[in-house]
Every structure is written in C-alpha cells, then in structure tokens.
Amino acid sequence: MAETKSAPLTPELYAYVLAHNPPLDPVRRALVESTHTLFPRDALKQVAEEQAPLLAFLVRLTGARHVVEVGTFTGLSALSMAQALPEDGRLITLDISEEWTAHARAAWAEAGVADRIDLRIAPALDSLRALPAEPHIDLAFIDANKDGYIDYWEEIVPRLRPGGLIVVDNVLFMGQVVDPAVTGGPGAHIREFNAHVAADRRTEAVMLTVADGLTLARRTG
Ligand SMILES: C[S@@+](CC[C@H](N)C(=O)[O-])C[C@H]1O[C@@H](n2cnc3c(N)ncnc32)[C@H](O)[C@@H]1O
C-alpha cells in the first residue's frame, strides 16, 4: 500500500487554503451564492471554490486563446477562464440546459466577458464533432456527464494543439473509482475513463487530488 504525504483536509485546513488563494471577485462570489439559492439540489455541480482560481491560473500559464469547456452549468468555471483570456481569446462552452446556462449568461454579462464566451446548447458530443478537425484548442475542460468522458476525450485530443492542455474534473468520483462494490454508474464510467487516459500515448497525464480529483493532460504528439 502506497503511503500518502497528503495532509487530511479538515474544514480548518480547507478554509486556510481558500484564504491563501486569490479571492473570488464580487461577480463570481455572487454567482456561487445565487447558484446555491436558486438551484440548491444541483449546486454541488459547480466547480469547487479552489478550482476557480486554478482554472484561471492554467489559462494564463498556457497563454491559451482557444478554450473549450464541456459542461457549463451556471457558468462559474467558464467565467473564471474567460476572465483570464487575453482580449482576443475565446471560450466555447457546451451544455444542454437552457435554464442553468441562462443564469450563467447573466453573470458573464455582469462581469463584462460575455463577448468572449460562445455558449452552444446541444449534446456536447455533437458540438465537439462540429468543431474544426485540425489541432487548434489550447485548453479544454471536461466537466459534464461522466458516461460521455471517453467520447469527449476522443473528440478533443486530435483537436488539441501539441503542448495543449486538457483538464478533467471528478476523476476520483468521491472515491468510487476504488470501490469494488461500484460496478456501474458514474463512478464506474470514471474508472474506465481514467484507465483510458493512462493508456493514451498521445498525452502525458497527471492525476491530482484537488477537490473531487483533477487530471491534467498535455498533448505530447
Ligand atoms: C458538473 S456540471 C458543470 C459545472 C460547471 N463546470 C461549473 O463550474 O459550474 C455538468 C453540466 O453538464 C451538463 N451536461 C450533462 N449532459 C450533457 C450533455 N450530454 N451534453 C452537454 N452538457 C451536458 C449539465 O447540464 C451540467 O450543466
């Protein structure tokens, strides 16, 4: 059994982490709160608070100009990435929900980044297949239905420019990936996806224990 060096994430330690991260600006803070108020049963779909500055950081680090997101919800991750884009950068974000994304649109407009975000409402696989086939994506973020992850990965990798980055959320799926009792459903889909990524020779991937697990993969060839 491998030994962990990870400090147990107590509520105090988690608060400490958030306090040492860049704070959410007022629009993102309001979006977190309004999502919990308006959609209490689904609010956990939103990226964790520490992931918002991380996504912005990754956009700046990679100098990304073409970003694709699979899974918009109420728009926190899209907003964080769009705010980090250069003036001529664009983010295409994919979802099937008019209701949740209407709330996202309002927040993007308030933050002044609506013109950088192209929201496409349709099954994400159709939207991905409609993108240009050549490698042009600098950064992609996958955070939608878990039974679609492998298909999304297969559409994105060939469209990723060499050195481009794919970020994938929920790769630990609350620990279900190592639970032998989980033989179906999202936990099993994620387990299959993680094996698929680990075997993919087109990319170099690292799995991080951030929030519910985050994989970062770089296209190498
Ligand atoms: C975990 S949430 C995304 C959270 C978002 N990244 C955020 O930070 O707020 C997953 C989203 O995937 C969307 N979704 C589910 N199935 C989909 C599909 N087949 N195509 C496109 N979007 C889908 C849902 O409507 C939901 O908004």
# chains A, B, ... in the order shown; residues from 1 in each chain; ligands from 1
>>> residues_near_ligand(ligand="ligand 1", cutoff="6 Å", atoms="only C-alpha atoms and all ligand atoms", output="JSON, numbers by chain")
{"A": [45, 46, 47, 71, 72, 73, 74, 75, 76, 77, 94, 95, 96, 97, 123, 124, 143, 144, 145]}
>>> select_by_dssp(residues="region 37-168 of chain A", states="strand (DSSP E)", output="JSON, numbers by chain")
{"A": [66, 67, 68, 69, 70, 90, 91, 92, 93, 94, 95, 117, 118, 119, 120, 121, 137, 138, 139, 140, 141, 142, 160, 161, 162, 163, 164, 165, 166, 167, 168]}
>>> residues_around(residues="Ala82 (chain A)", least_positions_apart="6", cutoff="10 Å", atoms="only C-alpha atoms", output="ChimeraX atom specification")
/A:55-56,59,65,67,76,89-92,108,111-117
>>> atom_distance(atom1="CA of Val210 (chain A)", atom2="CA of Glu155 (chain A)")
24.9 Å
>>> select_by_dssp(residues="region 91-202 of chain A", states="helix (DSSP H, G or I)", output="VMD selection string")
chain A and resid 98 to 111 114 to 116 124 to 129 146 to 159 173 to 178 185 to 198
>>> residues_around(residues="Leu216 (chain A)", least_positions_apart="4", cutoff="8 Å", atoms="only C-alpha atoms", output="mmCIF file with N, CA and C atoms, in the first residue's frame")
data_model
loop_
_atom_site.group_PDB
_atom_site.id
_atom_site.type_symbol
_atom_site.label_atom_id
_atom_site.label_comp_id
_atom_site.auth_asym_id
_atom_site.auth_seq_id
_atom_site.Cartn_x
_atom_site.Cartn_y
_atom_site.Cartn_z
ATOM 1 N N LEU A 165 -3.465 21.607 -23.339
ATOM 2 C CA LEU A 165 -3.806 21.022 -22.038
ATOM 3 C C LEU A 165 -5.273 20.618 -21.979
ATOM 4 N N ILE A 166 -5.536 19.409 -21.442
ATOM 5 C CA ILE A 166 -6.909 19.011 -21.105
ATOM 6 C C ILE A 166 -6.979 18.899 -19.584
ATOM 7 N N VAL A 167 -7.995 19.513 -19.019
ATOM 8 C CA VAL A 167 -8.247 19.462 -17.577
ATOM 9 C C VAL A 167 -9.550 18.687 -17.396
ATOM 10 N N VAL A 168 -9.548 17.695 -16.511
ATOM 11 C CA VAL A 168 -10.729 16.845 -16.348
ATOM 12 C C VAL A 168 -11.126 16.799 -14.877
ATOM 13 N N ALA A 205 -0.292 12.514 -18.722
ATOM 14 C CA ALA A 205 -1.347 12.941 -17.798
ATOM 15 C C ALA A 205 -0.909 12.755 -16.352
ATOM 16 N N VAL A 206 -1.302 13.695 -15.518
ATOM 17 C CA VAL A 206 -1.103 13.555 -14.069
ATOM 18 C C VAL A 206 -2.448 13.738 -13.382
ATOM 19 N N MET A 207 -2.676 12.919 -12.352
ATOM 20 C CA MET A 207 -3.933 12.994 -11.608
ATOM 21 C C MET A 207 -3.653 13.679 -10.276
ATOM 22 N N LEU A 208 -4.420 14.706 -9.987
ATOM 23 C CA LEU A 208 -4.217 15.485 -8.763
ATOM 24 C C LEU A 208 -5.385 15.281 -7.808
#
>>> closest_residue(among="A:Ala133, A:Asp88, A:Gly164, A:Ala181", to="Glu204 (chain A)", atoms="only C-alpha atoms")
A:Gly164
>>> closest_residue(among="A:Asp25, A:Ala52, A:Arg202, A:Leu160", to="Glu110 (chain A)", atoms="only C-alpha atoms")
A:Asp25
>>> closest_residue(among="A:Val171, A:Ala102, A:Leu214, A:Val182", to="Asn194 (chain A)", atoms="only C-alpha atoms")
A:Val171
>>> closest_residue(among="A:Ala109, A:Val157, A:Arg201, A:His36", to="His136 (chain A)", atoms="only C-alpha atoms")
A:Val157
>>> closest_residue(among="A:Asp147, A:Arg120, A:Arg219, A:Ile142", to="Gly184 (chain A)", atoms="only C-alpha atoms")
A:Asp147
>>> decode(residues="region 107-123 of chain A", atoms="N, CA and C atoms", output="short mmCIF file (atom, residue, chain, number, x, y, z; two decimals), in the first residue's frame")
data_model
loop_
_atom_site.label_atom_id
_atom_site.label_comp_id
_atom_site.auth_asym_id
_atom_site.auth_seq_id
_atom_site.Cartn_x
_atom_site.Cartn_y
_atom_site.Cartn_z
N ALA A 107 -24.41 36.26 -15.46
CA ALA A 107 -23.17 36.53 -14.71
C ALA A 107 -22.05 36.97 -15.65
N TRP A 108 -21.96 36.33 -16.81
CA TRP A 108 -20.91 36.71 -17.76
C TRP A 108 -21.09 38.14 -18.23
N ALA A 109 -22.35 38.52 -18.47
CA ALA A 109 -22.63 39.90 -18.92
C ALA A 109 -22.23 40.88 -17.81
N GLU A 110 -22.57 40.53 -16.59
CA GLU A 110 -22.25 41.43 -15.48
C GLU A 110 -20.73 41.58 -15.32
N ALA A 111 -20.01 40.52 -15.59
CA ALA A 111 -18.55 40.56 -15.45
C ALA A 111 -17.88 41.18 -16.68
N GLY A 112 -18.65 41.45 -17.73
CA GLY A 112 -18.09 42.10 -18.92
C GLY A 112 -17.30 41.15 -19.81
N VAL A 113 -17.59 39.85 -19.75
CA VAL A 113 -16.84 38.90 -20.59
C VAL A 113 -17.76 38.11 -21.54
N ALA A 114 -19.02 38.54 -21.65
CA ALA A 114 -19.97 37.78 -22.47
C ALA A 114 -19.50 37.68 -23.92
N ASP A 115 -18.80 38.70 -24.40
CA ASP A 115 -18.36 38.67 -25.81
C ASP A 115 -17.21 37.69 -26.05
N ARG A 116 -16.63 37.16 -24.99
CA ARG A 116 -15.54 36.17 -25.16
C ARG A 116 -16.07 34.74 -25.08
N ILE A 117 -17.36 34.60 -24.74
CA ILE A 117 -17.89 33.25 -24.46
C ILE A 117 -18.96 32.89 -25.49
N ASP A 118 -18.77 31.74 -26.11
CA ASP A 118 -19.71 31.23 -27.12
C ASP A 118 -20.36 29.98 -26.52
N LEU A 119 -21.60 30.14 -26.05
CA LEU A 119 -22.33 29.03 -25.42
C LEU A 119 -23.12 28.27 -26.48
N ARG A 120 -22.92 26.98 -26.55
CA ARG A 120 -23.63 26.16 -27.54
C ARG A 120 -24.50 25.14 -26.81
N ILE A 121 -25.80 25.26 -27.02
CA ILE A 121 -26.75 24.36 -26.35
C ILE A 121 -27.09 23.20 -27.29
N ALA A 122 -26.56 22.04 -26.97
CA ALA A 122 -26.79 20.81 -27.74
C ALA A 122 -26.02 19.71 -27.02
N PRO A 123 -26.31 18.45 -27.29
CA PRO A 123 -25.46 17.40 -26.71
C PRO A 123 -23.99 17.69 -27.05
#
